file run.pdb (PDB, C-alpha atoms)
ATOM      1  CA  MET A 820      34.487  26.601 -81.426
ATOM      2  CA  SER A 821      35.383  29.319 -83.916
ATOM      3  CA  CYS A 822      31.807  30.636 -84.095
ATOM      4  CA  ILE A 823      32.998  33.276 -81.654
ATOM      5  CA  GLU A 824      35.152  34.721 -84.410
ATOM      6  CA  GLN A 825      31.984  35.571 -86.333
ATOM      7  CA  LYS A 826      30.523  37.581 -83.460
ATOM      8  CA  LYS A 827      31.159  41.211 -82.560
ATOM      9  CA  TYR A 828      33.781  40.890 -79.885
ATOM     10  CA  LYS A 829      36.495  43.070 -78.423
ATOM     11  CA  ILE A 830      39.915  41.791 -77.414
ATOM     12  CA  LEU A 831      40.838  42.871 -73.890
ATOM     13  CA  LEU A 832      43.987  40.811 -73.524
ATOM     14  CA  GLU A 833      45.837  38.847 -76.160
ATOM     15  CA  LYS A 834      48.407  36.081 -76.598
ATOM     16  CA  THR A 835      48.896  35.481 -72.911
ATOM     17  CA  THR A 836      48.658  32.555 -70.497
ATOM     18  CA  PHE A 837      45.442  31.064 -69.198
ATOM     19  CA  LYS A 838      46.353  32.018 -65.624
ATOM     20  CA  GLU A 839      46.887  35.680 -66.544
ATOM     21  CA  SER A 840      43.609  35.686 -68.438
ATOM     22  CA  ARG A 841      41.752  34.348 -65.414
ATOM     23  CA  GLU A 842      43.362  36.993 -63.189
ATOM     24  CA  TYR A 843      42.418  39.720 -65.678
ATOM     25  CA  ILE A 844      38.779  38.624 -65.637
ATOM     26  CA  GLU A 845      38.785  38.497 -61.837
ATOM     27  CA  LYS A 846      40.226  41.994 -61.540
ATOM     28  CA  ASN A 847      38.186  43.645 -64.276
ATOM     29  CA  SER A 848      34.668  42.297 -63.804
ATOM     30  CA  ASP A 849      31.795  43.467 -61.616
ATOM     31  CA  GLU A 850      30.999  39.838 -60.853
ATOM     32  CA  VAL A 851      32.810  36.572 -61.561
ATOM     33  CA  HIS A 852      31.292  33.142 -62.108
ATOM     34  CA  TYR A 853      33.311  29.944 -62.268
ATOM     35  CA  VAL A 854      32.527  27.095 -64.645
ATOM     36  CA  SER A 855      34.102  23.800 -65.609
ATOM     37  CA  PRO A 856      35.717  23.148 -69.003
ATOM     38  CA  GLY A 857      33.039  22.447 -71.580
ATOM     39  CA  TYR A 858      30.546  25.032 -70.340
ATOM     40  CA  LYS A 859      28.693  26.306 -73.397
ATOM     41  CA  ILE A 860      28.071  29.990 -74.085
ATOM     42  CA  PHE A 861      26.495  31.789 -77.071
ATOM     43  CA  ASN A 862      24.813  28.532 -78.171
ATOM     44  CA  ASP A 863      27.854  26.828 -79.608
ATOM     45  CA  TYR A 864      31.079  28.024 -78.033
ATOM     46  CA  TYR A 865      32.552  25.655 -75.451
ATOM     47  CA  VAL A 866      34.796  27.392 -72.945
ATOM     48  CA  ILE A 867      37.973  25.419 -72.394
ATOM     49  CA  GLY A 868      40.814  25.816 -69.928
ATOM     50  CA  ILE A 869      42.298  25.027 -66.581
ATOM     51  CA  PRO A 870      39.538  24.778 -63.983
ATOM     52  CA  PRO A 871      38.094  26.811 -62.426
ATOM     53  CA  ILE A 872      37.373  28.876 -65.528
ATOM     54  CA  ALA A 873      36.345  32.454 -64.779
ATOM     55  CA  LEU A 874      33.556  34.169 -66.689
ATOM     56  CA  GLY A 875      33.107  37.842 -65.872
ATOM     57  CA  ALA A 876      30.198  40.231 -66.093
ATOM     58  CA  ARG A 877      30.790  43.956 -66.548
ATOM     59  CA  GLY A 878      27.467  45.666 -67.036
ATOM     60  CA  ASN A 879      25.819  43.624 -69.757
ATOM     61  CA  ALA A 880      29.137  42.523 -71.222
ATOM     62  CA  LEU A 881      30.455  39.007 -70.760
ATOM     63  CA  LEU A 882      34.209  38.530 -70.368
ATOM     64  CA  PHE A 883      35.593  35.109 -71.258
ATOM     65  CA  THR A 884      38.729  33.295 -72.354
ATOM     66  CA  TYR A 885      39.501  32.020 -75.820
ATOM     67  CA  THR A 886      42.528  29.777 -76.402
ATOM     68  CA  LYS A 887      44.231  29.135 -79.728
ATOM     69  CA  PRO A 888      46.976  26.472 -79.841
ATOM     70  CA  CYS A 889      49.518  28.662 -81.644
ATOM     71  CA  HIS A 890      48.633  32.062 -80.174
ATOM     72  CA  GLY A 891      47.877  31.469 -76.508
ATOM     73  CA  THR A 892      44.885  32.663 -74.564
ATOM     74  CA  PHE A 893      42.845  35.806 -75.211
ATOM     75  CA  VAL A 894      40.305  37.582 -73.050
ATOM     76  CA  LEU A 895      37.344  38.577 -75.199
ATOM     77  CA  THR A 896      34.228  40.521 -74.370
ATOM     78  CA  ILE A 897      30.846  40.623 -76.058
ATOM     79  CA  ASP A 898      28.235  43.186 -75.127
ATOM     80  CA  ASP A 899      24.857  42.490 -76.724
ATOM     81  CA  GLU A 900      21.480  40.922 -75.999
ATOM     82  CA  GLU A 901      23.001  37.446 -75.995
ATOM     83  CA  SER A 902      25.673  38.371 -73.445
ATOM     84  CA  LYS A 903      22.950  39.761 -71.219
ATOM     85  CA  LYS A 904      21.143  36.417 -71.459
ATOM     86  CA  GLU A 905      24.333  34.515 -70.704
ATOM     87  CA  ILE A 906      24.964  36.583 -67.570
ATOM     88  CA  ASN A 907      21.403  35.991 -66.407
ATOM     89  CA  ARG A 908      21.789  32.267 -67.068
ATOM     90  CA  LEU A 909      24.947  32.170 -64.933
ATOM     91  CA  ARG A 910      23.158  34.002 -62.116
ATOM     92  CA  GLU A 911      20.148  31.680 -62.338
ATOM     93  CA  MET A 912      22.302  28.563 -62.262
ATOM     94  CA  GLU A 913      24.122  29.909 -59.242
ATOM     95  CA  ASN A 914      20.836  30.598 -57.465
ATOM     96  CA  GLU A 915      19.539  27.115 -58.296
ATOM     97  CA  LYS A 916      22.683  25.602 -56.865
ATOM     98  CA  THR A 917      22.330  27.613 -53.662
ATOM     99  CA  THR A 918      18.673  26.601 -53.317
ATOM    100  CA  ALA A 919      19.530  22.938 -53.883
ATOM    101  CA  SER A 920      22.258  23.164 -51.248
ATOM    102  CA  LEU A 921      19.868  24.631 -48.719
ATOM    103  CA  LYS A 922      17.290  21.892 -49.400
ATOM    104  CA  LYS A 923      19.827  19.135 -48.931
ATOM    105  CA  GLY A 924      21.327  20.856 -45.922
ATOM    106  CA  LYS A 925      24.854  20.478 -47.217
ATOM    107  CA  PRO A 926      26.948  22.032 -49.979
ATOM    108  CA  LEU A 927      26.638  20.415 -53.393
ATOM    109  CA  GLU A 928      29.670  18.724 -54.838
ATOM    110  CA  SER A 929      30.957  20.512 -57.887
ATOM    111  CA  ALA A 930      29.168  19.269 -60.974
ATOM    112  CA  LYS A 931      30.550  19.371 -64.476
ATOM    113  CA  ALA A 932      29.858  22.605 -66.344
ATOM    114  CA  SER A 933      28.113  24.230 -63.408
ATOM    115  CA  PRO A 934      29.012  27.691 -62.153
ATOM    116  CA  THR A 935      30.634  28.103 -58.776
ATOM    117  CA  ARG A 936      30.505  31.057 -56.414
ATOM    118  CA  TYR A 937      33.636  33.176 -56.375
ATOM    119  CA  GLU A 938      33.878  33.053 -52.549
ATOM    120  CA  ASP A 939      33.544  29.259 -52.484
ATOM    121  CA  ILE A 940      36.643  28.782 -54.614
ATOM    122  CA  TRP A 941      38.807  30.385 -51.963
ATOM    123  CA  LYS A 942      37.122  28.632 -49.025
ATOM    124  CA  LYS A 943      38.245  25.193 -50.267
TER     125      LYS A 943
ATOM    126  CA  MET B 316      44.589  -2.855 -73.932
ATOM    127  CA  THR B 317      44.573  -4.026 -77.553
ATOM    128  CA  GLY B 318      41.791  -2.313 -79.477
ATOM    129  CA  ALA B 319      41.714   0.549 -77.004
ATOM    130  CA  LYS B 320      40.967   3.959 -78.498
ATOM    131  CA  VAL B 321      43.938   6.310 -78.369
ATOM    132  CA  LEU B 322      43.897  10.038 -79.083
ATOM    133  CA  LEU B 323      47.047  11.915 -80.003
ATOM    134  CA  MET B 324      46.150  15.517 -79.253
ATOM    135  CA  MET B 325      48.551  17.797 -81.078
ATOM    136  CA  GLY B 326      49.555  21.283 -80.035
ATOM    137  CA  CYS B 327      50.910  24.116 -82.163
ATOM    138  CA  PRO B 328      53.285  22.481 -84.691
ATOM    139  CA  GLU B 329      56.071  25.058 -84.492
ATOM    140  CA  ILE B 330      58.423  22.705 -82.606
ATOM    141  CA  PRO B 331      59.852  20.292 -85.231
ATOM    142  CA  ILE B 332      59.886  17.119 -83.128
ATOM    143  CA  GLN B 333      56.110  17.130 -82.682
ATOM    144  CA  THR B 334      55.249  15.930 -86.194
ATOM    145  CA  SER B 335      57.894  13.200 -86.282
ATOM    146  CA  ILE B 336      56.899  11.922 -82.835
ATOM    147  CA  ALA B 337      53.208  11.961 -83.818
ATOM    148  CA  LEU B 338      53.920   9.862 -86.925
ATOM    149  CA  TYR B 339      56.100   7.476 -84.932
ATOM    150  CA  LEU B 340      53.661   7.100 -82.045
ATOM    151  CA  SER B 341      50.665   6.646 -84.333
ATOM    152  CA  HIS B 342      52.414   3.927 -86.324
ATOM    153  CA  LYS B 343      53.790   2.067 -83.304
ATOM    154  CA  LEU B 344      50.491   2.133 -81.425
ATOM    155  CA  THR B 345      48.552   1.032 -84.514
ATOM    156  CA  ASN B 346      50.945  -1.889 -84.943
ATOM    157  CA  LEU B 347      50.400  -2.790 -81.282
ATOM    158  CA  GLY B 348      46.677  -3.084 -82.015
ATOM    159  CA  PHE B 349      45.421   0.281 -80.755
ATOM    160  CA  ASP B 350      42.790   2.302 -82.579
ATOM    161  CA  VAL B 351      44.654   5.602 -83.049
ATOM    162  CA  THR B 352      43.210   9.015 -83.921
ATOM    163  CA  VAL B 353      45.288  12.173 -84.336
ATOM    164  CA  ALA B 354      43.616  15.485 -83.534
ATOM    165  CA  GLY B 355      45.108  18.807 -84.516
ATOM    166  CA  THR B 356      44.692  22.240 -85.993
ATOM    167  CA  ASP B 357      44.579  22.807 -89.766
ATOM    168  CA  ALA B 358      48.337  23.326 -89.813
ATOM    169  CA  VAL B 359      48.992  20.102 -87.897
ATOM    170  CA  ILE B 360      46.745  18.104 -90.219
ATOM    171  CA  LYS B 361      48.393  19.579 -93.332
ATOM    172  CA  LEU B 362      51.866  18.769 -92.007
ATOM    173  CA  LEU B 363      50.834  15.197 -91.282
ATOM    174  CA  LYS B 364      49.085  14.755 -94.633
ATOM    175  CA  VAL B 365      52.110  15.970 -96.575
ATOM    176  CA  SER B 366      54.547  13.927 -94.460
ATOM    177  CA  ASP B 367      52.397  10.808 -94.664
ATOM    178  CA  TYR B 368      50.847  11.278 -98.088
ATOM    179  CA  ASP B 369      49.483   7.748 -98.415
ATOM    180  CA  GLY B 370      48.237   7.553 -94.837
ATOM    181  CA  TYR B 371      50.705   4.854 -93.965
ATOM    182  CA  TYR B 372      51.457   6.032 -90.432
ATOM    183  CA  VAL B 373      48.292   7.938 -89.497
ATOM    184  CA  LYS B 374      44.952   6.325 -90.281
ATOM    185  CA  LYS B 375      42.564   8.825 -88.701
ATOM    186  CA  MET B 376      42.932  12.595 -88.529
ATOM    187  CA  VAL B 377      40.380  14.922 -86.972
ATOM    188  CA  ASP B 378      39.978  18.573 -86.089
ATOM    189  CA  LEU B 379      41.101  19.343 -82.541
ATOM    190  CA  ASP B 380      38.274  21.657 -81.488
ATOM    191  CA  LYS B 381      35.630  19.411 -83.071
ATOM    192  CA  THR B 382      37.032  16.462 -81.123
ATOM    193  CA  LEU B 383      36.791  18.326 -77.814
ATOM    194  CA  GLU B 384      33.260  19.342 -78.725
ATOM    195  CA  ASP B 385      32.341  15.682 -79.381
ATOM    196  CA  ILE B 386      33.807  14.596 -76.041
ATOM    197  CA  ILE B 387      32.000  17.377 -74.165
ATOM    198  CA  GLU B 388      28.716  16.404 -75.823
ATOM    199  CA  LYS B 389      29.385  12.699 -75.039
ATOM    200  CA  ARG B 390      29.398  11.758 -78.726
ATOM    201  CA  ALA B 391      32.911  10.338 -78.424
ATOM    202  CA  ASP B 392      35.619   9.492 -75.947
ATOM    203  CA  PHE B 393      38.944   7.692 -75.760
ATOM    204  CA  ASP B 394      40.664   5.226 -73.444
ATOM    205  CA  ILE B 395      44.074   6.833 -73.633
ATOM    206  CA  CYS B 396      45.150  10.344 -74.638
ATOM    207  CA  PHE B 397      48.611  11.650 -75.384
ATOM    208  CA  ALA B 398      48.420  15.448 -75.096
ATOM    209  CA  PHE B 399      51.350  17.125 -76.850
ATOM    210  CA  MET B 400      52.409  20.491 -75.487
ATOM    211  CA  HIS B 401      55.244  22.976 -75.583
ATOM    212  CA  ASN B 402      53.378  26.110 -74.540
ATOM    213  CA  ASP B 403      50.672  27.344 -72.184
ATOM    214  CA  ALA B 404      47.941  26.837 -74.777
ATOM    215  CA  GLY B 405      48.887  23.174 -75.101
ATOM    216  CA  MET B 406      48.620  22.808 -71.346
ATOM    217  CA  THR B 407      45.226  24.521 -71.441
ATOM    218  CA  TYR B 408      43.948  21.971 -73.944
ATOM    219  CA  ALA B 409      45.388  19.086 -71.892
ATOM    220  CA  ALA B 410      43.749  20.411 -68.705
ATOM    221  CA  THR B 411      40.457  20.550 -70.574
ATOM    222  CA  MET B 412      40.894  16.961 -71.723
ATOM    223  CA  SER B 413      41.650  15.945 -68.160
ATOM    224  CA  ALA B 414      38.361  17.481 -67.011
ATOM    225  CA  ILE B 415      36.036  16.284 -69.786
ATOM    226  CA  SER B 416      37.335  12.833 -70.730
ATOM    227  CA  GLN B 417      37.596   9.443 -69.064
ATOM    228  CA  ALA B 418      40.868   8.779 -70.896
ATOM    229  CA  ARG B 419      44.078   7.981 -69.107
ATOM    230  CA  LEU B 420      46.109  11.103 -69.843
ATOM    231  CA  TYR B 421      49.780  11.286 -70.782
ATOM    232  CA  SER B 422      51.200  14.788 -71.146
ATOM    233  CA  VAL B 423      53.979  14.798 -73.739
ATOM    234  CA  ILE B 424      55.953  17.929 -72.895
ATOM    235  CA  PHE B 425      58.807  19.124 -75.085
ATOM    236  CA  GLY B 426      60.599  22.255 -76.304
ATOM    237  CA  ARG B 427      62.844  24.748 -74.541
ATOM    238  CA  ASN B 428      60.395  25.403 -71.697
ATOM    239  CA  ALA B 429      59.455  21.762 -71.128
ATOM    240  CA  GLU B 430      60.581  21.576 -67.501
ATOM    241  CA  THR B 431      58.882  24.815 -66.420
ATOM    242  CA  LEU B 432      55.715  23.768 -68.207
ATOM    243  CA  ALA B 433      55.786  20.330 -66.572
ATOM    244  CA  GLU B 434      56.110  21.911 -63.117
ATOM    245  CA  ALA B 435      53.079  24.108 -63.779
ATOM    246  CA  ILE B 436      50.783  21.134 -64.431
ATOM    247  CA  GLU B 437      48.322  20.556 -61.598
ATOM    248  CA  PHE B 438      45.864  18.116 -63.166
ATOM    249  CA  ASP B 439      46.045  14.337 -62.985
ATOM    250  CA  THR B 440      48.397  13.128 -65.714
ATOM    251  CA  GLU B 441      51.539  11.136 -66.356
ATOM    252  CA  LYS B 442      54.249  13.467 -67.643
ATOM    253  CA  VAL B 443      56.672  12.526 -70.388
ATOM    254  CA  VAL B 444      59.190  15.359 -70.521
ATOM    255  CA  ALA B 445      62.084  16.070 -72.905
ATOM    256  CA  LYS B 446      63.628  19.504 -73.266
ATOM    257  CA  ASP B 447      64.248  19.079 -76.976
ATOM    258  CA  VAL B 448      63.279  21.042 -80.067
ATOM    259  CA  HIS B 449      64.993  19.439 -83.058
ATOM    260  CA  ASN B 450      66.164  16.048 -81.894
ATOM    261  CA  PRO B 451      63.300  13.621 -81.215
ATOM    262  CA  ILE B 452      65.404  10.704 -79.941
ATOM    263  CA  ARG B 453      65.154  11.394 -76.203
ATOM    264  CA  LEU B 454      61.382  11.877 -76.358
ATOM    265  CA  LYS B 455      61.053   8.778 -78.550
ATOM    266  CA  SER B 456      62.957   6.697 -75.988
ATOM    267  CA  LYS B 457      60.729   7.900 -73.163
ATOM    268  CA  LEU B 458      57.592   7.199 -75.170
ATOM    269  CA  ASP B 459      58.877   3.716 -76.041
ATOM    270  CA  LYS B 460      58.871   2.951 -72.315
ATOM    271  CA  VAL B 461      55.333   4.306 -71.948
ATOM    272  CA  MET B 462      54.163   2.178 -74.886
ATOM    273  CA  GLU B 463      55.764  -0.911 -73.345
ATOM    274  CA  GLY B 464      53.727  -0.230 -70.235
ATOM    275  CA  ILE B 465      50.379   0.280 -71.899
ATOM    276  CA  ALA B 466      50.799  -2.630 -74.320
ATOM    277  CA  LYS B 467      51.000  -5.126 -71.428
TER     278      LYS B 467
END
call {"tool": "encode", "arguments": {"input": "run.pdb", "output": "structure tokens"}}
result
Amino acid sequence: MSCIEQKKYKILLEKTTFKESREYIEKNSDEVHYVSPGYKIFNDYYVIGIPPIALGARGNALLFTYTKPCHGTFVLTIDDEESKKEINRLREMENEKTTASLKKGKPLESAKASPTRYEDIWKK
Amino acid sequence: MTGAKVLLMMGCPEIPIQTSIALYLSHKLTNLGFDVTVAGTDAVIKLLKVSDYDGYYVKKMVDLDKTLEDIIEKRADFDICFAFMHNDAGMTYAATMSAISQARLYSVIFGRNAETLAEAIEFDTEKVVAKDVHNPIRLKSKLDKVMEGIAK
């Protein structure tokens, strides 16, 4: 999971709780996508945390949480070609889920490691 | 449950009772016939290796993040998990385990903020709570009762 440490990231929030990190992402992103623990970003980093886990997009930058056992949770951001791809992937997965729901005529049950619409979280 | 795979998932080792309880639990469960693995950070593993130099109490030690990765990728899983925690990060790891694993989860919550932390837990788990930092006896007694239950 430490591959993230080798990438060019910026720390937006440090040594805080997971809940505060989620709230920060929700308040400071243009769009928010929700995933389950174990969702993989940047090829080999598995996002962990208390579901639903928020991933934010601000322009082409991806905002995400990073938890270290002795230092708490951090909000990191990466703004590069890969983050752009990750944001597009989240949008595509969300669209696929919506299309599948329409075909079946009912909402899909939440699947592991699949993004969830921001509005849906608060409807439940 | 003999032969069942048990994971002891360690948190940050700054609270002294964690290492002693991990050694105790690993040894007791192994003697009861469980297949015990201890997962932790580098610091946790070093503390355990120095404390148990000949590997008498802990037979298997693995990296915490690598273990989660293996469970997420379905390369491994456990029947029972004891998630140790005394801070928010520990709870974050336990919540992750609750979501990705089939294991029956016991949250072992200790340290000065144990009660507040226990109240904040919303995932499905059995809580074993002791507001202790230096004295492991109360937590040991509570875990003895849990072990009696799972050994049946």
call {"tool": "interface_residues", "arguments": {"input": "run.pdb", "of": "chain B", "to": "chain A", "cutoff": "6 Å", "atoms": "all atoms listed in the file", "output": "PyMOL selection string"}}
result
chain B and resi 326-327+387+403-404+407+410-411
call {"tool": "residues_around", "arguments": {"input": "run.pdb", "residues": "range 365-377 of chain B", "least_positions_apart": "6", "cutoff": "7 Å", "atoms": "all atoms listed in the file", "output": "list in words"}}
result
Leu338, Ser341, His342, Val351, Thr352, Val353, Ala354 and Gly355 of chain B
call {"tool": "resolve_selection", "arguments": {"input": "run.pdb", "expression": "the PyMOL selection byres ((chain A and resi 840) around 9)", "output": "short mmCIF file (atom, residue, chain, number, x, y, z; two decimals) with C-alpha atoms, in the coordinates of the input"}}
result
data_model
loop_
_atom_site.label_atom_id
_atom_site.label_comp_id
_atom_site.auth_asym_id
_atom_site.auth_seq_id
_atom_site.Cartn_x
_atom_site.Cartn_y
_atom_site.Cartn_z
CA LEU A 832 43.99 40.81 -73.52
CA GLU A 833 45.84 38.85 -76.16
CA THR A 835 48.90 35.48 -72.91
CA THR A 836 48.66 32.56 -70.50
CA PHE A 837 45.44 31.06 -69.20
CA LYS A 838 46.35 32.02 -65.62
CA GLU A 839 46.89 35.68 -66.54
CA ARG A 841 41.75 34.35 -65.41
CA GLU A 842 43.36 36.99 -63.19
CA TYR A 843 42.42 39.72 -65.68
CA ILE A 844 38.78 38.62 -65.64
CA GLU A 845 38.78 38.50 -61.84
CA ALA A 873 36.34 32.45 -64.78
CA PHE A 883 35.59 35.11 -71.26
CA THR A 884 38.73 33.30 -72.35
CA THR A 892 44.88 32.66 -74.56
CA PHE A 893 42.84 35.81 -75.21
CA VAL A 894 40.30 37.58 -73.05
#
call {"tool": "resolve_selection", "arguments": {"input": "run.pdb", "expression": "the PyMOL selection byres ((chain B and resi 392-396) around 8)", "output": "MDAnalysis selection string"}}
result
chainID B and resid 319:324 385:386 389:391 397:398 416:421
call {"tool": "resolve_selection", "arguments": {"input": "run.pdb", "expression": "the PyMOL selection byres ((chain B and resi 451) around 10)", "output": "PyMOL selection string"}}
result
chain B and resi 331-336+425+445-450+452-456
call {"tool": "atom_distance", "arguments": {"input": "run.pdb", "atom1": "CA of Ala429 in chain B", "atom2": "CA of Asp459 in chain B"}}
result
18.7 Å
call {"tool": "atom_distance", "arguments": {"input": "run.pdb", "atom1": "CA of Gly318 in chain B", "atom2": "CA of Tyr339 in chain B"}}
result
18.2 Å
call {"tool": "axis_aligned_box", "arguments": {"input": "run.pdb", "around": "range 454-458 of chain B", "padding_each_side": "6 Å", "output": "JSON"}}
result
{"center_x": 60.3, "center_y": 9.3, "center_z": -75.9, "size_x": 17.4, "size_y": 17.2, "size_z": 17.4}
call {"tool": "atom_distance", "arguments": {"input": "run.pdb", "atom1": "CA of Leu458 in chain B", "atom2": "CA of Val423 in chain B"}}
result
8.5 Å
